[in-house]
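One file, input31.tsv, carrying TSV, C-alpha atoms:
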```tsv
chain	number	residue	atom	x	y	z
J	2	MET	CA	-26.51	-8.12	-35.27
J	3	SER	CA	-27.17	-4.70	-33.72
J	4	THR	CA	-29.34	-3.69	-30.81
J	5	VAL	CA	-31.98	-2.45	-33.23
J	6	ASP	CA	-32.30	-5.95	-34.69
J	7	LEU	CA	-32.89	-7.39	-31.22
J	8	VAL	CA	-35.91	-5.17	-30.53
J	9	ALA	CA	-38.77	-4.71	-32.94
J	10	PRO	CA	-38.94	-1.15	-34.33
J	11	ASP	CA	-42.67	-0.83	-33.63
J	12	ALA	CA	-42.46	-2.24	-30.12
J	13	THR	CA	-44.02	-0.16	-27.37
J	14	GLU	CA	-42.28	0.72	-24.13
J	15	ASP	CA	-44.04	-2.16	-22.37
J	16	ASP	CA	-42.88	-4.62	-25.05
J	17	ARG	CA	-39.26	-3.55	-24.82
J	18	PRO	CA	-36.90	-5.59	-22.62
J	19	PRO	CA	-35.88	-4.08	-19.26
J	20	ARG	CA	-33.18	-1.42	-19.24
J	21	ARG	CA	-30.58	-3.71	-17.69
J	22	LEU	CA	-31.28	-6.37	-20.34
J	23	ARG	CA	-31.00	-3.77	-23.08
J	24	SER	CA	-27.61	-2.75	-21.69
J	25	VAL	CA	-26.44	-6.37	-21.75
J	26	LEU	CA	-27.68	-6.80	-25.32
J	27	ARG	CA	-25.97	-3.60	-26.38
J	28	ARG	CA	-22.70	-4.70	-24.78
J	29	ALA	CA	-22.93	-8.12	-26.44
J	30	ALA	CA	-23.55	-6.47	-29.80
J	31	GLY	CA	-20.48	-4.24	-29.41
J	32	GLY	CA	-22.50	-1.10	-28.75
J	33	PRO	CA	-21.44	2.05	-26.89
J	34	SER	CA	-21.27	0.27	-23.54
J	35	GLY	CA	-18.85	-2.30	-24.92
J	36	ARG	CA	-16.67	0.42	-26.39
J	37	ARG	CA	-16.66	2.34	-23.13
J	38	LEU	CA	-15.64	-0.84	-21.30
J	39	GLY	CA	-12.70	-1.33	-23.65
J	40	GLU	CA	-11.67	2.29	-23.29
J	41	GLY	CA	-11.83	1.91	-19.51
J	42	HIS	CA	-9.40	-0.99	-19.65
J	43	LEU	CA	-7.00	1.04	-21.76
J	44	ALA	CA	-7.26	3.99	-19.38
J	45	VAL	CA	-6.29	1.89	-16.36
J	46	ALA	CA	-3.34	0.24	-18.15
J	47	PRO	CA	-0.78	2.92	-17.08
J	48	LEU	CA	-1.81	2.51	-13.46
J	49	LEU	CA	-1.43	-1.26	-13.64
J	50	LEU	CA	1.98	-0.83	-15.27
J	51	PHE	CA	3.07	1.58	-12.53
J	52	VAL	CA	1.90	-0.82	-9.81
J	53	ALA	CA	3.72	-3.72	-11.48
J	54	VAL	CA	6.99	-1.78	-11.75
J	55	GLY	CA	6.78	0.18	-8.49
J	56	PHE	CA	5.48	-2.61	-6.24
J	57	GLY	CA	5.70	-5.90	-8.08
J	58	VAL	CA	9.40	-5.81	-9.00
J	59	PRO	CA	10.59	-4.82	-5.46
J	60	ALA	CA	8.31	-7.47	-3.93
J	61	VAL	CA	9.73	-10.18	-6.16
J	62	ALA	CA	13.30	-9.03	-5.46
J	63	MET	CA	12.61	-9.01	-1.71
J	64	ALA	CA	11.10	-12.49	-1.75
J	65	TYR	CA	14.00	-13.81	-3.84
J	66	GLY	CA	16.61	-12.31	-1.51
J	67	ALA	CA	14.82	-13.61	1.58
J	68	PHE	CA	15.14	-17.23	0.40
J	69	THR	CA	18.65	-17.11	-1.09
J	70	THR	CA	22.21	-16.67	0.17
J	71	ASN	CA	24.56	-13.99	-1.06
J	72	THR	CA	28.06	-15.13	-0.12
J	73	PRO	CA	30.81	-13.40	-2.16
J	74	GLY	CA	32.62	-15.75	-4.54
J	75	THR	CA	29.98	-18.46	-4.42
J	76	PRO	CA	26.73	-18.80	-6.38
J	77	GLY	CA	23.55	-18.05	-4.53
J	78	THR	CA	21.58	-21.00	-3.19
J	79	TYR	CA	18.02	-21.29	-1.98
J	80	THR	CA	17.60	-21.54	1.77
J	81	ALA	CA	15.10	-20.91	4.53
J	82	GLY	CA	17.82	-19.95	6.98
J	83	ASN	CA	17.28	-16.23	6.49
J	84	LEU	CA	13.61	-16.50	7.42
J	85	THR	CA	14.48	-18.67	10.41
J	86	ALA	CA	17.11	-16.20	11.59
J	87	SER	CA	14.66	-13.30	11.26
J	88	LEU	CA	12.40	-14.99	13.82
J	89	GLN	CA	15.08	-15.63	16.44
J	90	GLY	CA	17.05	-13.69	19.02
J	91	GLY	CA	17.15	-9.92	18.75
J	92	TYR	CA	15.25	-9.90	15.47
J	93	LEU	CA	12.26	-11.61	17.08
J	94	THR	CA	12.47	-9.22	20.04
J	95	ALA	CA	12.37	-6.28	17.64
J	96	LEU	CA	9.39	-7.73	15.75
J	97	LEU	CA	7.44	-8.27	18.97
J	98	GLY	CA	8.45	-4.79	20.15
J	99	SER	CA	7.03	-3.24	16.98
J	100	VAL	CA	3.80	-5.21	17.35
J	101	LYS	CA	3.48	-4.15	21.00
J	102	LEU	CA	4.21	-0.50	20.27
J	103	SER	CA	1.78	-0.43	17.36
J	104	ALA	CA	-1.01	-2.14	19.30
J	105	VAL	CA	-0.69	0.07	22.39
J	106	SER	CA	-0.44	3.35	20.49
J	107	ALA	CA	-3.29	2.36	18.15
J	108	LEU	CA	-5.55	1.44	21.08
J	109	ILE	CA	-4.92	4.72	22.91
J	110	ALA	CA	-5.35	6.72	19.69
J	111	THR	CA	-8.62	4.92	18.94
J	112	VAL	CA	-10.14	5.90	22.29
J	113	VAL	CA	-8.85	9.49	22.25
J	114	GLY	CA	-9.72	9.97	18.59
J	115	LEU	CA	-13.26	8.69	19.13
J	116	LEU	CA	-13.87	11.13	22.00
J	117	LEU	CA	-12.46	14.05	20.00
J	118	ALA	CA	-14.44	13.11	16.88
J	119	GLN	CA	-17.64	12.81	18.92
J	120	ALA	CA	-17.08	16.28	20.36
J	121	VAL	CA	-16.64	17.63	16.84
J	122	ALA	CA	-19.65	15.73	15.45
J	123	THR	CA	-22.00	17.09	18.15
J	124	SER	CA	-20.65	20.63	18.08
J	125	ARG	CA	-22.90	23.40	16.76
J	126	PHE	CA	-19.95	25.47	15.58
J	127	ARG	CA	-19.11	24.75	11.97
J	128	ALA	CA	-15.87	26.72	12.29
J	129	LEU	CA	-14.68	24.27	14.98
J	130	ARG	CA	-15.42	21.33	12.71
J	131	HIS	CA	-13.55	22.86	9.78
J	132	ALA	CA	-10.60	23.77	12.01
J	133	VAL	CA	-10.31	20.30	13.54
J	134	LEU	CA	-10.61	18.57	10.16
J	135	SER	CA	-8.01	20.84	8.60
J	136	ALA	CA	-5.61	20.40	11.51
J	137	SER	CA	-6.15	16.63	11.51
J	138	GLY	CA	-5.40	16.43	7.81
J	139	VAL	CA	-2.09	18.21	8.36
J	140	LEU	CA	-1.02	16.51	11.60
J	141	ALA	CA	-1.88	13.02	10.34
J	142	ASN	CA	0.86	13.45	7.71
J	143	PHE	CA	3.37	15.18	9.99
J	144	GLY	CA	6.08	12.77	11.07
J	145	GLY	CA	9.65	11.73	10.56
J	146	VAL	CA	12.66	13.77	11.64
J	147	PRO	CA	10.77	17.11	12.01
J	148	LEU	CA	8.34	15.54	14.47
J	149	ALA	CA	11.17	13.90	16.40
J	150	PHE	CA	13.08	17.20	16.60
J	151	ALA	CA	9.95	19.02	17.83
J	152	PHE	CA	9.47	16.56	20.70
J	153	ILE	CA	13.17	16.45	21.56
J	154	ALA	CA	13.22	20.26	21.81
J	155	THR	CA	10.09	20.20	23.96
J	156	LEU	CA	10.23	17.05	26.09
J	157	GLY	CA	13.78	15.76	25.60
J	158	ASN	CA	16.41	15.63	28.32
J	159	ALA	CA	17.11	19.35	27.81
J	160	GLY	CA	13.71	20.24	26.42
J	161	VAL	CA	11.81	23.39	27.33
J	162	LEU	CA	9.05	21.68	29.32
J	163	THR	CA	11.42	19.13	30.84
J	164	THR	CA	13.65	21.79	32.36
J	165	ARG	CA	10.93	24.22	33.40
J	166	LEU	CA	8.66	21.60	34.95
J	167	HIS	CA	11.58	19.50	36.28
J	168	LEU	CA	10.15	16.38	34.66
J	169	ASP	CA	13.51	14.61	34.84
J	170	ASP	CA	13.26	14.66	38.65
J	171	ALA	CA	10.05	12.63	38.33
J	172	GLY	CA	11.77	10.01	36.19
J	173	TRP	CA	10.47	11.21	32.83
J	174	SER	CA	12.38	10.19	29.71
J	175	LEU	CA	11.27	10.71	26.15
J	176	TYR	CA	13.60	8.00	24.84
J	177	THR	CA	11.59	5.07	26.17
J	178	PHE	CA	8.70	2.89	25.04
J	179	TRP	CA	6.07	5.24	26.50
J	180	GLY	CA	7.86	8.32	25.23
J	181	LEU	CA	7.75	6.92	21.72
J	182	ASN	CA	4.06	6.12	22.25
J	183	LEU	CA	3.43	9.76	23.07
J	184	VAL	CA	5.13	10.87	19.86
J	185	TYR	CA	3.17	8.37	17.76
J	186	LEU	CA	-0.10	9.65	19.23
J	187	TYR	CA	0.67	13.04	17.69
J	188	PHE	CA	-0.16	11.72	14.21
J	189	LEU	CA	-2.31	8.69	15.08
J	190	VAL	CA	-5.04	10.61	16.92
J	191	PRO	CA	-5.71	13.00	13.99
J	192	LEU	CA	-5.78	10.01	11.64
J	193	MET	CA	-8.39	8.34	13.84
J	194	VAL	CA	-10.49	11.52	13.85
J	195	LEU	CA	-10.53	11.56	10.06
J	196	SER	CA	-11.34	7.84	9.97
J	197	VAL	CA	-14.23	7.70	12.44
J	198	LEU	CA	-15.90	11.09	11.96
J	199	PRO	CA	-17.93	10.05	8.86
J	200	SER	CA	-19.35	7.10	10.81
J	201	LEU	CA	-20.30	9.36	13.71
J	202	ASP	CA	-22.10	11.61	11.24
J	203	GLY	CA	-24.00	8.51	10.12
J	204	LEU	CA	-25.55	8.06	13.57
J	205	ARG	CA	-29.07	9.34	13.12
J	206	ARG	CA	-30.75	11.57	15.65
J	207	GLN	CA	-33.90	9.44	15.45
J	208	TRP	CA	-32.06	6.48	16.94
J	209	ARG	CA	-31.17	8.42	20.09
J	210	GLU	CA	-34.68	9.87	20.36
J	211	ALA	CA	-36.21	6.42	19.98
J	212	ALA	CA	-33.91	5.06	22.68
J	213	GLN	CA	-34.79	7.91	25.02
J	214	ASN	CA	-38.52	7.43	24.38
J	215	ASN	CA	-38.13	3.81	25.43
J	216	GLY	CA	-36.43	4.81	28.68
J	217	ALA	CA	-32.82	4.17	27.70
J	218	THR	CA	-30.13	6.21	29.40
J	219	LEU	CA	-27.21	7.74	27.53
J	220	TRP	CA	-24.99	4.82	28.59
J	221	LYS	CA	-27.49	2.25	27.33
J	222	TYR	CA	-27.85	4.11	24.05
J	223	TRP	CA	-24.11	3.95	23.44
J	224	ARG	CA	-23.85	0.37	24.66
J	225	TYR	CA	-26.74	-1.16	22.71
J	226	VAL	CA	-27.14	1.18	19.72
J	227	ALA	CA	-24.22	3.47	18.90
J	228	LEU	CA	-21.23	1.25	19.68
J	229	PRO	CA	-22.59	-1.81	17.79
J	230	VAL	CA	-23.14	0.43	14.78
J	231	LEU	CA	-19.68	2.00	15.11
J	232	ALA	CA	-17.90	-1.29	15.88
J	233	PRO	CA	-16.79	-2.02	12.27
J	234	SER	CA	-15.55	1.55	11.83
J	235	LEU	CA	-13.71	1.52	15.17
J	236	LEU	CA	-12.07	-1.81	14.47
J	237	GLY	CA	-11.15	-0.68	10.98
J	238	GLY	CA	-9.67	2.52	12.38
J	239	PHE	CA	-7.68	0.55	14.95
J	240	VAL	CA	-6.28	-1.72	12.26
J	241	LEU	CA	-5.40	1.31	10.11
J	242	LEU	CA	-3.57	2.96	13.02
J	243	PHE	CA	-1.78	-0.29	13.82
J	244	GLY	CA	-0.48	-0.55	10.27
J	245	THR	CA	0.61	3.09	10.26
J	246	ALA	CA	2.54	2.77	13.51
J	247	PHE	CA	4.00	-0.59	12.50
J	248	ALA	CA	5.55	0.83	9.33
J	249	ALA	CA	6.88	4.06	10.88
J	250	TYR	CA	10.67	4.37	10.79
J	251	ALA	CA	12.12	7.88	10.57
J	252	THR	CA	10.61	9.19	13.81
J	253	ALA	CA	11.84	6.25	15.89
J	254	ALA	CA	15.25	6.26	14.20
J	255	ALA	CA	15.79	9.95	14.98
J	256	MET	CA	14.57	9.64	18.58
J	257	VAL	CA	15.35	6.35	20.27
J	258	GLY	CA	17.96	4.66	18.07
J	259	ALA	CA	18.60	1.24	19.56
J	260	SER	CA	17.11	1.94	23.01
J	261	VAL	CA	13.70	0.66	21.89
J	262	PRO	CA	13.91	-2.53	19.76
J	263	LEU	CA	11.86	-2.13	16.57
J	264	ILE	CA	11.84	-4.23	13.44
J	265	THR	CA	12.24	-1.24	11.11
J	266	LEU	CA	15.40	-0.16	12.94
J	267	GLN	CA	16.77	-3.70	12.79
J	268	ILE	CA	16.20	-3.82	9.03
J	269	ALA	CA	18.05	-0.52	8.59
J	270	ASN	CA	20.98	-1.72	10.72
J	271	ALA	CA	21.22	-4.98	8.79
J	272	LEU	CA	21.12	-3.24	5.41
J	273	ASN	CA	23.78	-0.75	6.50
J	274	GLY	CA	26.08	-3.53	7.66
J	275	ASN	CA	25.95	-2.45	11.30
J	276	VAL	CA	25.15	-6.02	12.43
J	277	SER	CA	27.25	-8.14	10.09
J	278	ALA	CA	28.48	-7.88	6.53
J	279	ASP	CA	26.22	-10.66	5.22
J	280	ALA	CA	23.01	-9.65	7.02
J	281	GLY	CA	21.41	-8.12	3.92
J	282	ASN	CA	19.42	-11.24	3.13
J	283	VAL	CA	18.25	-11.47	6.74
J	284	ALA	CA	17.03	-7.88	6.40
J	285	LEU	CA	15.03	-8.92	3.35
J	286	ALA	CA	13.57	-11.79	5.36
J	287	MET	CA	12.55	-9.35	8.11
J	288	SER	CA	10.96	-7.17	5.44
J	289	LEU	CA	9.02	-10.22	4.28
J	290	ASP	CA	7.82	-10.73	7.86
J	291	MET	CA	6.55	-7.15	7.85
J	292	VAL	CA	4.79	-7.68	4.51
J	293	VAL	CA	3.01	-10.74	5.90
J	294	ILE	CA	1.81	-8.81	8.96
J	295	ALA	CA	0.76	-5.85	6.81
J	296	SER	CA	-1.15	-8.21	4.50
J	297	LEU	CA	-3.00	-9.66	7.48
J	298	VAL	CA	-3.82	-6.11	8.56
J	299	MET	CA	-5.27	-5.32	5.12
J	300	VAL	CA	-7.26	-8.57	5.09
J	301	VAL	CA	-8.93	-7.45	8.32
J	302	TYR	CA	-9.25	-3.77	7.39
J	303	LEU	CA	-10.90	-3.98	3.95
J	304	PRO	CA	-14.03	-5.98	5.01
J	305	LEU	CA	-14.48	-3.71	8.02
J	306	GLN	CA	-14.20	-0.64	5.79
J	307	ARG	CA	-16.87	-1.97	3.40
J	308	ARG	CA	-19.19	-2.82	6.26
J	309	SER	CA	-18.81	0.55	7.98
J	310	ALA	CA	-19.44	2.32	4.65
J	311	ARG	CA	-23.05	1.09	4.75
J	312	TRP	CA	-23.80	3.67	7.47
J	313	LEU	CA	-22.46	6.58	5.43
J	314	VAL	CA	-25.41	6.56	3.01
```

Final structure tokens representation of the file:
Amino acid sequence: MSTVDLVAPDATEDDRPPRRLRSVLRRAAGGPSGRRLGEGHLAVAPLLLFVAVGFGVPAVAMAYGAFTTNTPGTPGTYTAGNLTASLQGGYLTALLGSVKLSAVSALIATVVGLLLAQAVATSRFRALRHAVLSASGVLANFGGVPLAFAFIATLGNAGVLTTRLHLDDAGWSLYTFWGLNLVYLYFLVPLMVLSVLPSLDGLRRQWREAAQNNGATLWKYWRYVALPVLAPSLLGGFVLLFGTAFAAYATAAAMVGASVPLITLQIANALNGNVSADAGNVALAMSLDMVVIASLVMVVYLPLQRRSARWLV
């Protein structure tokens, strides 16, 4: 039965079913909408295959290694000892250190990024907006060894600013927790600007005018109007920055080594055999710990992102 058979040929526009119902009838009859739906599934098949191979296979291998032993000369056995060991001693200290570093740097970047984005959003100069957005897009993806080398040459023990301003006499050291925080802010603040600026653009001028007409000060406007509206976007940006800092490895590895305990550095040391020869499975267990924390971050971030998107219309 075709769509033509479902609707009388001499039916007027008022007698025809609604457009949405006609689309459902056409899809049920195998019409163009049904064919397009099938073609859409075929088009997304390569992406699903890539995700399965690129993410699914490593995830399964990691989970399998985290719950098995790999002793040479003996068959592997299932055990929870690797996961238990990953949450004890120096491994637990490194995990908590990564969480602390990520939370502190994300919080500072959220506040600084919000102030910078607000200055850009209220600026009358379009060139300033384009320059800040372009620079933020570049700096948000600038990290790793080049970023570490840039800060070491500038603020390291023999850096340009350290020697000229005699910062070492004041107790400054780049290779500490707060020094690493400073380096992380270099790419976290631009990422926060890109994340929160669309929500700031969604704040309507009429809301501020209405608040002023009712006698509200600037502080009351931000406290009772702007911040409640921006809360989902700010929390989502904080979670995004936390996840970014939590997964960073190359910058910390090139800068601090083992002076600041981080879970990513512990995983690298275990995989390289720097801890013990049979610590590879413990490294996989630590990786599983990171996946669990990252999954919790995504569970929090995605609803906040959908809620904040309502203000972008």

What are the nearest atom pairs, with distances in Å to one decimal, for all residues of stretch 63-179 of chain J that come at most 8 Å from stretch 189-199 of chain J, using all atoms listed in the file, set out by chain and rising residue number as CSV?
```
residue,atom,partner,partner_atom,distance
J:Ser106,CA,J:Leu189,CA,7.8
J:Ala107,CA,J:Leu189,CA,7.1
J:Ala110,CA,J:Val190,CA,4.8
J:Thr111,CA,J:Met193,CA,6.1
J:Val113,CA,J:Val190,CA,6.6
J:Gly114,CA,J:Val190,CA,5.0
J:Leu115,CA,J:Val194,CA,6.6
J:Leu117,CA,J:Val194,CA,6.9
J:Ala118,CA,J:Val194,CA,5.2
J:Gln119,CA,J:Leu198,CA,7.4
J:Ala122,CA,J:Leu198,CA,6.9
J:Leu134,CA,J:Leu195,CA,7.0
J:Ala136,CA,J:Pro191,CA,7.8
J:Ser137,CA,J:Pro191,CA,4.4
J:Gly138,CA,J:Pro191,CA,7.1
J:Leu140,CA,J:Pro191,CA,6.3
J:Ala141,CA,J:Leu192,CA,5.1
```

Give, as lines of an AutoDock Vina configuration file, the centre coordinates and the x, y and z edge lengths in Å to one decimal for an axis-aligned box around all listed atoms of stretch 246-260 of chain J, padded by 8 Å on each side.
```
center_x = 10.6
center_y = 4.7
center_z = 16.2
size_x = 32.1
size_y = 26.5
size_z = 29.7
```

Atom CA of J:Asp290 to atom CA of J:Ser103: how many Å, to one decimal?
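Those two atoms sit 15.3 Å apart.
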
Atom CA of J:Leu108 to atom CA of J:Leu186, distance in Å rounded to a single decimal:
10.0 Å

Using all atoms listed in the file for the distances, tell me which of J:Leu183, J:Val121, J:Ala246, J:Val161 is nearest to J:Asp202.
J:Val121

Using all atoms listed in the file, find the one residue out of J:Gly82, J:Gly244, J:Gly57, J:Gly216 that sits nearest to J:Val293.
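Comparing J:Gly82, J:Gly244, J:Gly57, J:Gly216 against J:Val293, the winner is J:Gly244.
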
Which polymer residues have any atom within 10 Å of an atom of J:Arg209, counting all atoms listed in the file, with same-chain residues fewer than 2 positions away left out, as a list of chain:residue names?
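Skipping anything fewer than 2 positions along the chain leaves J:Leu204, J:Arg205, J:Arg206, J:Gln207, J:Ala211, J:Ala212, J:Gln213, J:Asn214, J:Asn215, J:Ala217, J:Thr218, J:Leu219, J:Tyr222, J:Trp223, J:Val226, J:Ala227.
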
Interatomic distance, atom CA of J:Tyr176 to atom CA of J:Ser260 (Å, one decimal):
7.2 Å

Just the residues within 9 Å of J:Gly66, please, counting all atoms listed in the file, with nothing from its chain fewer than 4 positions along; format it as an mmCIF file with C-alpha atoms, in the frame of the given file.
```cif
data_model
loop_
_atom_site.group_PDB
_atom_site.id
_atom_site.type_symbol
_atom_site.label_atom_id
_atom_site.label_comp_id
_atom_site.auth_asym_id
_atom_site.auth_seq_id
_atom_site.Cartn_x
_atom_site.Cartn_y
_atom_site.Cartn_z
ATOM 1 C CA VAL J 61 9.730 -10.180 -6.160
ATOM 2 C CA ALA J 62 13.300 -9.030 -5.460
ATOM 3 C CA THR J 70 22.210 -16.670 0.170
ATOM 4 C CA ASN J 71 24.560 -13.990 -1.060
ATOM 5 C CA ASN J 83 17.280 -16.230 6.490
ATOM 6 C CA GLY J 281 21.410 -8.120 3.920
ATOM 7 C CA ASN J 282 19.420 -11.240 3.130
ATOM 8 C CA VAL J 283 18.250 -11.470 6.740
ATOM 9 C CA LEU J 285 15.030 -8.920 3.350
ATOM 10 C CA ALA J 286 13.570 -11.790 5.360
#
```
